[in-house]
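**Student:** I'm passing along my_file-v7.pdb; it holds PDB, C-alpha atoms.
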```pdb
MODEL        1
ATOM      1  CA  MET A   1      -3.382 -18.448  -7.545
ATOM      2  CA  ARG A   2      -3.077 -15.003  -5.946
ATOM      3  CA  LEU A   3      -2.847 -11.870  -8.014
ATOM      4  CA  GLY A   4      -1.294  -8.555  -7.072
ATOM      5  CA  ILE A   5      -0.958  -5.163  -8.691
ATOM      6  CA  LEU A   6       1.785  -2.548  -8.504
ATOM      7  CA  LEU A   7       0.778   0.936  -7.399
ATOM      8  CA  ARG A   8       2.616   3.385  -9.604
ATOM      9  CA  TYR A   9       2.786   6.685  -7.798
ATOM     10  CA  ALA A  10       5.442   9.365  -8.160
ATOM     11  CA  GLY A  11       3.963  12.173  -6.105
ATOM     12  CA  GLU A  12       1.292  13.529  -8.441
ATOM     13  CA  ALA A  13      -1.238  15.933  -6.905
ATOM     14  CA  GLY A  14      -4.497  14.303  -5.882
ATOM     15  CA  GLY A  15      -2.919  11.029  -4.804
ATOM     16  CA  PRO A  16      -2.531   7.720  -6.593
ATOM     17  CA  ARG A  17      -4.972   6.817  -9.364
ATOM     18  CA  MET A  18      -7.517   4.566  -7.738
ATOM     19  CA  ASP A  19      -9.320   3.279 -10.846
ATOM     20  CA  PRO A  20      -6.885   0.388 -11.469
ATOM     21  CA  ILE A  21      -6.796  -0.502  -7.769
ATOM     22  CA  LEU A  22     -10.582  -0.503  -7.399
ATOM     23  CA  GLU A  23     -10.895  -2.647 -10.535
ATOM     24  CA  ALA A  24      -8.275  -5.077  -9.196
ATOM     25  CA  GLU A  25     -10.197  -5.316  -5.918
ATOM     26  CA  ARG A  26     -13.451  -5.917  -7.813
ATOM     27  CA  LEU A  27     -11.774  -8.693  -9.826
ATOM     28  CA  GLY A  28     -10.560 -10.427  -6.663
ATOM     29  CA  TYR A  29      -6.888  -9.470  -6.641
ATOM     30  CA  THR A  30      -5.232 -10.246  -3.319
ATOM     31  CA  SER A  31      -2.853  -7.331  -2.962
ATOM     32  CA  VAL A  32      -1.515  -4.002  -4.134
ATOM     33  CA  TRP A  33       2.132  -3.051  -3.609
ATOM     34  CA  ALA A  34       4.098   0.211  -3.490
ATOM     35  CA  GLY A  35       7.819   0.828  -3.300
ATOM     36  CA  GLU A  36       9.884   3.843  -2.365
ATOM     37  CA  ALA A  37      11.530   5.806  -5.150
ATOM     38  CA  TYR A  38      12.206   9.351  -6.283
ATOM     39  CA  GLY A  39      11.425  10.958  -2.932
ATOM     40  CA  VAL A  40       8.022   9.298  -2.368
ATOM     41  CA  ASP A  41       7.650   6.983   0.612
ATOM     42  CA  ALA A  42       5.704   3.717   0.318
ATOM     43  CA  VAL A  43       3.623   3.972   3.484
ATOM     44  CA  THR A  44       1.585   7.090   2.685
ATOM     45  CA  PRO A  45       0.228   5.916  -0.712
ATOM     46  CA  ILE A  46      -0.553   2.496   0.781
ATOM     47  CA  ALA A  47      -2.480   4.143   3.623
ATOM     48  CA  TRP A  48      -4.366   6.125   0.962
ATOM     49  CA  VAL A  49      -5.282   2.886  -0.847
ATOM     50  CA  LEU A  50      -6.331   1.095   2.347
ATOM     51  CA  ALA A  51      -8.606   3.983   3.290
ATOM     52  CA  ARG A  52     -10.405   3.739  -0.064
ATOM     53  CA  THR A  53     -10.761  -0.035  -0.373
ATOM     54  CA  SER A  54     -12.373  -2.716   1.751
ATOM     55  CA  THR A  55     -10.965  -6.152   0.913
ATOM     56  CA  ILE A  56      -7.667  -5.940  -0.973
ATOM     57  CA  LYS A  57      -4.491  -6.112   1.102
ATOM     58  CA  ALA A  58      -1.813  -3.496   0.543
ATOM     59  CA  GLY A  59       1.883  -3.617   1.244
ATOM     60  CA  THR A  60       5.166  -1.865   0.983
ATOM     61  CA  GLY A  61       7.257  -3.678  -1.601
ATOM     62  CA  ILE A  62      10.391  -2.292   0.012
ATOM     63  CA  MET A  63      10.361   0.093   2.941
ATOM     64  CA  GLN A  64      13.778   1.715   3.196
ATOM     65  CA  MET A  65      15.110   0.979   6.673
ATOM     66  CA  SER A  66      17.904   3.548   6.614
ATOM     67  CA  ALA A  67      15.275   6.311   6.640
ATOM     68  CA  ARG A  68      13.472   5.030   9.769
ATOM     69  CA  THR A  69      14.289   3.503  13.100
ATOM     70  CA  PRO A  70      13.062  -0.071  13.647
ATOM     71  CA  ALA A  71      10.685   1.210  16.344
ATOM     72  CA  CYS A  72       9.194   3.726  13.896
ATOM     73  CA  VAL A  73       8.635   0.991  11.307
ATOM     74  CA  ALA A  74       6.996  -1.258  13.895
ATOM     75  CA  MET A  75       4.687   1.481  15.185
ATOM     76  CA  THR A  76       3.749   2.520  11.653
ATOM     77  CA  ALA A  77       3.011  -1.068  10.604
ATOM     78  CA  MET A  78       0.948  -1.814  13.712
ATOM     79  CA  THR A  79      -1.073   1.389  13.403
ATOM     80  CA  ILE A  80      -1.888   0.928   9.712
ATOM     81  CA  ALA A  81      -2.705  -2.747  10.290
ATOM     82  CA  GLN A  82      -5.147  -1.811  13.054
ATOM     83  CA  LEU A  83      -6.762   0.968  10.994
ATOM     84  CA  SER A  84      -7.175  -1.310   7.970
ATOM     85  CA  ASN A  85      -8.542  -4.416   9.704
ATOM     86  CA  ASN A  86      -5.188  -6.190   9.271
ATOM     87  CA  ARG A  87      -4.907  -5.612   5.520
ATOM     88  CA  PHE A  88      -1.434  -4.010   5.675
ATOM     89  CA  ILE A  89       1.604  -6.051   4.661
ATOM     90  CA  VAL A  90       4.978  -4.639   5.637
ATOM     91  CA  GLY A  91       7.903  -5.318   3.323
ATOM     92  CA  LEU A  92      11.371  -4.345   4.450
TER      93      LEU A  92
ENDMDL
END
```
Represent the structure contained in this file as structure tokens.

**Tutor:**
Amino acid sequence: MRLGILLRYAGEAGGPRMDPILEAERLGYTSVWAGEAYGVDAVTPIAWVLARTSTIKAGTGIMQMSARTPACVAMTAMTIAQLSNNRFIVGL
């Protein structure tokens, strides 16, 4: 069985709370997911999480395509995947 956790972030100063994510990683969770809502994109908080973890994968639950060109999405996904040792999961 694979376990995942939802990253709840609505734009608070200081970034997403990492305590639950770090605990999930310690417990062996497979992934953490973020969606786009209320003016906060999904990619930036996921990049934040990937920079502060080492094993858990992180993905965009839904990345709104109407806000980006397909080429922009592809470049963003490839760059974050490379920076995170292929731990980024893109969800469209």

**Student:** Identify all residues satisfying the PyMOL selection byres ((chain A and resi 65) around 12) in the given file; provide them as a PyMOL selection string.

**Tutor:** chain A and resi 36+41-42+60+62-64+66-74+90-92

**Student:** Pick the closest to Leu50 (chain A) from A:Ala24, A:Ala37, A:Met75, A:Ile80: which is it, counting all atoms listed in the file?

**Tutor:** A:Ile80

**Student:** May I ask which of the residues A:Ala13, A:Leu3, A:Leu83, A:Val40 is the closest one to Leu27 (chain A), counting all atoms listed in the file?

**Tutor:**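 Checking each of A:Ala13, A:Leu3, A:Leu83, A:Val40 against Leu27 (chain A), counting all atoms listed in the file, the winner is A:Leu3.
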
**Student:** Can you give me, as a VMD selection string, the residues this file yields under the PyMOL selection byres ((chain A and resi 45) around 12)?

**Tutor:** chain A and resid 6 to 18 21 32 to 36 40 to 44 46 to 52 58 to 61 80 88

**Student:** Can you list what the PyMOL selection byres ((chain A and resi 87) around 8) grabs from this structure, as a count of residues only?

**Tutor:** 11

**Student:** Which centre and edge lengths in Å to one decimal define the box along x, y and z that fits every listed atom of region 18-26 of chain A plus 3 Å per side, as lines of an AutoDock Vina configuration file?

**Tutor:**
```
center_x = -10.1
center_y = -0.7
center_z = -8.7
size_x = 12.7
size_y = 16.5
size_z = 11.6
```

**Student:** I'd like the interatomic distance between CA of Thr53 (chain A) and CA of Ile5 (chain A), to a tenth of an Å.

**Tutor:** 13.8 Å

**Student:** Report the distance between CA of Met1 (chain A) and CA of Pro20 (chain A) in Å, rounded to one decimal place.

**Tutor:**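 Separating CA of Met1 (chain A) from CA of Pro20 (chain A) is a distance of 19.6 Å.
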
**Student:** Start from the incomplete input, build N, CA and C atoms for region 21-56 of chain A, and deliver everything as a PDB file, in the coordinates of the input.

**Tutor:**
```pdb
ATOM      1  N   ILE A  21      -6.776   0.211  -9.044  1.00  0.00           N
ATOM      2  CA  ILE A  21      -6.796  -0.502  -7.769  1.00  0.00           C
ATOM      3  C   ILE A  21      -8.213  -0.981  -7.458  1.00  0.00           C
ATOM      4  N   LEU A  22      -9.189  -0.120  -7.654  1.00  0.00           N
ATOM      5  CA  LEU A  22     -10.582  -0.503  -7.399  1.00  0.00           C
ATOM      6  C   LEU A  22     -11.032  -1.618  -8.336  1.00  0.00           C
ATOM      7  N   GLU A  23     -10.564  -1.574  -9.593  1.00  0.00           N
ATOM      8  CA  GLU A  23     -10.895  -2.647 -10.535  1.00  0.00           C
ATOM      9  C   GLU A  23     -10.222  -3.954 -10.114  1.00  0.00           C
ATOM     10  N   ALA A  24      -8.971  -3.874  -9.671  1.00  0.00           N
ATOM     11  CA  ALA A  24      -8.275  -5.077  -9.196  1.00  0.00           C
ATOM     12  C   ALA A  24      -9.006  -5.672  -7.992  1.00  0.00           C
ATOM     13  N   GLU A  25      -9.445  -4.825  -7.083  1.00  0.00           N
ATOM     14  CA  GLU A  25     -10.197  -5.316  -5.918  1.00  0.00           C
ATOM     15  C   GLU A  25     -11.500  -5.978  -6.370  1.00  0.00           C
ATOM     16  N   ARG A  26     -12.202  -5.359  -7.308  1.00  0.00           N
ATOM     17  CA  ARG A  26     -13.451  -5.917  -7.813  1.00  0.00           C
ATOM     18  C   ARG A  26     -13.231  -7.282  -8.463  1.00  0.00           C
ATOM     19  N   LEU A  27     -12.090  -7.438  -9.136  1.00  0.00           N
ATOM     20  CA  LEU A  27     -11.774  -8.693  -9.826  1.00  0.00           C
ATOM     21  C   LEU A  27     -11.219  -9.765  -8.887  1.00  0.00           C
ATOM     22  N   GLY A  28     -11.024  -9.434  -7.628  1.00  0.00           N
ATOM     23  CA  GLY A  28     -10.560 -10.427  -6.663  1.00  0.00           C
ATOM     24  C   GLY A  28      -9.060 -10.494  -6.452  1.00  0.00           C
ATOM     25  N   TYR A  29      -8.325  -9.492  -6.895  1.00  0.00           N
ATOM     26  CA  TYR A  29      -6.888  -9.470  -6.641  1.00  0.00           C
ATOM     27  C   TYR A  29      -6.656  -9.498  -5.133  1.00  0.00           C
ATOM     28  N   THR A  30      -5.548 -10.100  -4.732  1.00  0.00           N
ATOM     29  CA  THR A  30      -5.232 -10.246  -3.319  1.00  0.00           C
ATOM     30  C   THR A  30      -4.546  -9.021  -2.749  1.00  0.00           C
ATOM     31  N   SER A  31      -3.680  -8.386  -3.552  1.00  0.00           N
ATOM     32  CA  SER A  31      -2.853  -7.331  -2.962  1.00  0.00           C
ATOM     33  C   SER A  31      -2.466  -6.245  -3.958  1.00  0.00           C
ATOM     34  N   VAL A  32      -2.089  -5.116  -3.385  1.00  0.00           N
ATOM     35  CA  VAL A  32      -1.515  -4.002  -4.134  1.00  0.00           C
ATOM     36  C   VAL A  32      -0.229  -3.614  -3.411  1.00  0.00           C
ATOM     37  N   TRP A  33       0.805  -3.297  -4.179  1.00  0.00           N
ATOM     38  CA  TRP A  33       2.132  -3.051  -3.609  1.00  0.00           C
ATOM     39  C   TRP A  33       2.681  -1.708  -4.067  1.00  0.00           C
ATOM     40  N   ALA A  34       3.414  -1.041  -3.165  1.00  0.00           N
ATOM     41  CA  ALA A  34       4.098   0.211  -3.490  1.00  0.00           C
ATOM     42  C   ALA A  34       5.524   0.135  -2.990  1.00  0.00           C
ATOM     43  N   GLY A  35       6.426   0.744  -3.716  1.00  0.00           N
ATOM     44  CA  GLY A  35       7.819   0.828  -3.300  1.00  0.00           C
ATOM     45  C   GLY A  35       8.205   2.282  -3.085  1.00  0.00           C
ATOM     46  N   GLU A  36       9.394   2.483  -2.593  1.00  0.00           N
ATOM     47  CA  GLU A  36       9.884   3.843  -2.365  1.00  0.00           C
ATOM     48  C   GLU A  36      10.873   4.205  -3.451  1.00  0.00           C
ATOM     49  N   ALA A  37      10.642   5.345  -4.091  1.00  0.00           N
ATOM     50  CA  ALA A  37      11.530   5.806  -5.150  1.00  0.00           C
ATOM     51  C   ALA A  37      11.285   7.282  -5.417  1.00  0.00           C
ATOM     52  N   TYR A  38      12.316   7.963  -5.839  1.00  0.00           N
ATOM     53  CA  TYR A  38      12.206   9.351  -6.283  1.00  0.00           C
ATOM     54  C   TYR A  38      11.560  10.270  -5.245  1.00  0.00           C
ATOM     55  N   GLY A  39      11.890  10.064  -3.977  1.00  0.00           N
ATOM     56  CA  GLY A  39      11.425  10.958  -2.932  1.00  0.00           C
ATOM     57  C   GLY A  39      10.027  10.707  -2.414  1.00  0.00           C
ATOM     58  N   VAL A  40       9.359   9.641  -2.845  1.00  0.00           N
ATOM     59  CA  VAL A  40       8.022   9.298  -2.368  1.00  0.00           C
ATOM     60  C   VAL A  40       8.132   8.058  -1.487  1.00  0.00           C
ATOM     61  N   ASP A  41       7.606   8.159  -0.254  1.00  0.00           N
ATOM     62  CA  ASP A  41       7.650   6.983   0.612  1.00  0.00           C
ATOM     63  C   ASP A  41       6.576   5.984   0.198  1.00  0.00           C
ATOM     64  N   ALA A  42       6.663   4.756   0.678  1.00  0.00           N
ATOM     65  CA  ALA A  42       5.704   3.717   0.318  1.00  0.00           C
ATOM     66  C   ALA A  42       4.501   3.685   1.251  1.00  0.00           C
ATOM     67  N   VAL A  43       4.674   4.110   2.483  1.00  0.00           N
ATOM     68  CA  VAL A  43       3.623   3.972   3.484  1.00  0.00           C
ATOM     69  C   VAL A  43       2.434   4.886   3.208  1.00  0.00           C
ATOM     70  N   THR A  44       2.677   6.137   2.873  1.00  0.00           N
ATOM     71  CA  THR A  44       1.585   7.090   2.685  1.00  0.00           C
ATOM     72  C   THR A  44       0.650   6.694   1.539  1.00  0.00           C
ATOM     73  N   PRO A  45       1.146   6.351   0.346  1.00  0.00           N
ATOM     74  CA  PRO A  45       0.228   5.916  -0.712  1.00  0.00           C
ATOM     75  C   PRO A  45      -0.525   4.629  -0.357  1.00  0.00           C
ATOM     76  N   ILE A  46       0.117   3.732   0.379  1.00  0.00           N
ATOM     77  CA  ILE A  46      -0.553   2.496   0.781  1.00  0.00           C
ATOM     78  C   ILE A  46      -1.667   2.804   1.780  1.00  0.00           C
ATOM     79  N   ALA A  47      -1.424   3.730   2.691  1.00  0.00           N
ATOM     80  CA  ALA A  47      -2.480   4.143   3.623  1.00  0.00           C
ATOM     81  C   ALA A  47      -3.651   4.752   2.854  1.00  0.00           C
ATOM     82  N   TRP A  48      -3.348   5.522   1.823  1.00  0.00           N
ATOM     83  CA  TRP A  48      -4.366   6.125   0.962  1.00  0.00           C
ATOM     84  C   TRP A  48      -5.228   5.030   0.330  1.00  0.00           C
ATOM     85  N   VAL A  49      -4.577   3.997  -0.202  1.00  0.00           N
ATOM     86  CA  VAL A  49      -5.282   2.886  -0.847  1.00  0.00           C
ATOM     87  C   VAL A  49      -6.142   2.138   0.171  1.00  0.00           C
ATOM     88  N   LEU A  50      -5.592   1.842   1.326  1.00  0.00           N
ATOM     89  CA  LEU A  50      -6.331   1.095   2.347  1.00  0.00           C
ATOM     90  C   LEU A  50      -7.561   1.861   2.835  1.00  0.00           C
ATOM     91  N   ALA A  51      -7.464   3.175   2.857  1.00  0.00           N
ATOM     92  CA  ALA A  51      -8.606   3.983   3.290  1.00  0.00           C
ATOM     93  C   ALA A  51      -9.729   3.991   2.257  1.00  0.00           C
ATOM     94  N   ARG A  52      -9.414   3.660   1.003  1.00  0.00           N
ATOM     95  CA  ARG A  52     -10.405   3.739  -0.064  1.00  0.00           C
ATOM     96  C   ARG A  52     -10.849   2.380  -0.597  1.00  0.00           C
ATOM     97  N   THR A  53     -10.379   1.317   0.022  1.00  0.00           N
ATOM     98  CA  THR A  53     -10.761  -0.035  -0.373  1.00  0.00           C
ATOM     99  C   THR A  53     -11.291  -0.775   0.852  1.00  0.00           C
ATOM    100  N   SER A  54     -11.814  -1.985   0.612  1.00  0.00           N
ATOM    101  CA  SER A  54     -12.373  -2.716   1.751  1.00  0.00           C
ATOM    102  C   SER A  54     -11.880  -4.151   1.887  1.00  0.00           C
ATOM    103  N   THR A  55     -11.374  -4.751   0.813  1.00  0.00           N
ATOM    104  CA  THR A  55     -10.965  -6.152   0.913  1.00  0.00           C
ATOM    105  C   THR A  55      -9.524  -6.413   0.496  1.00  0.00           C
ATOM    106  N   ILE A  56      -9.014  -5.683  -0.461  1.00  0.00           N
ATOM    107  CA  ILE A  56      -7.667  -5.940  -0.973  1.00  0.00           C
ATOM    108  C   ILE A  56      -6.627  -5.583   0.090  1.00  0.00           C
TER     109      ILE A  56
END
```
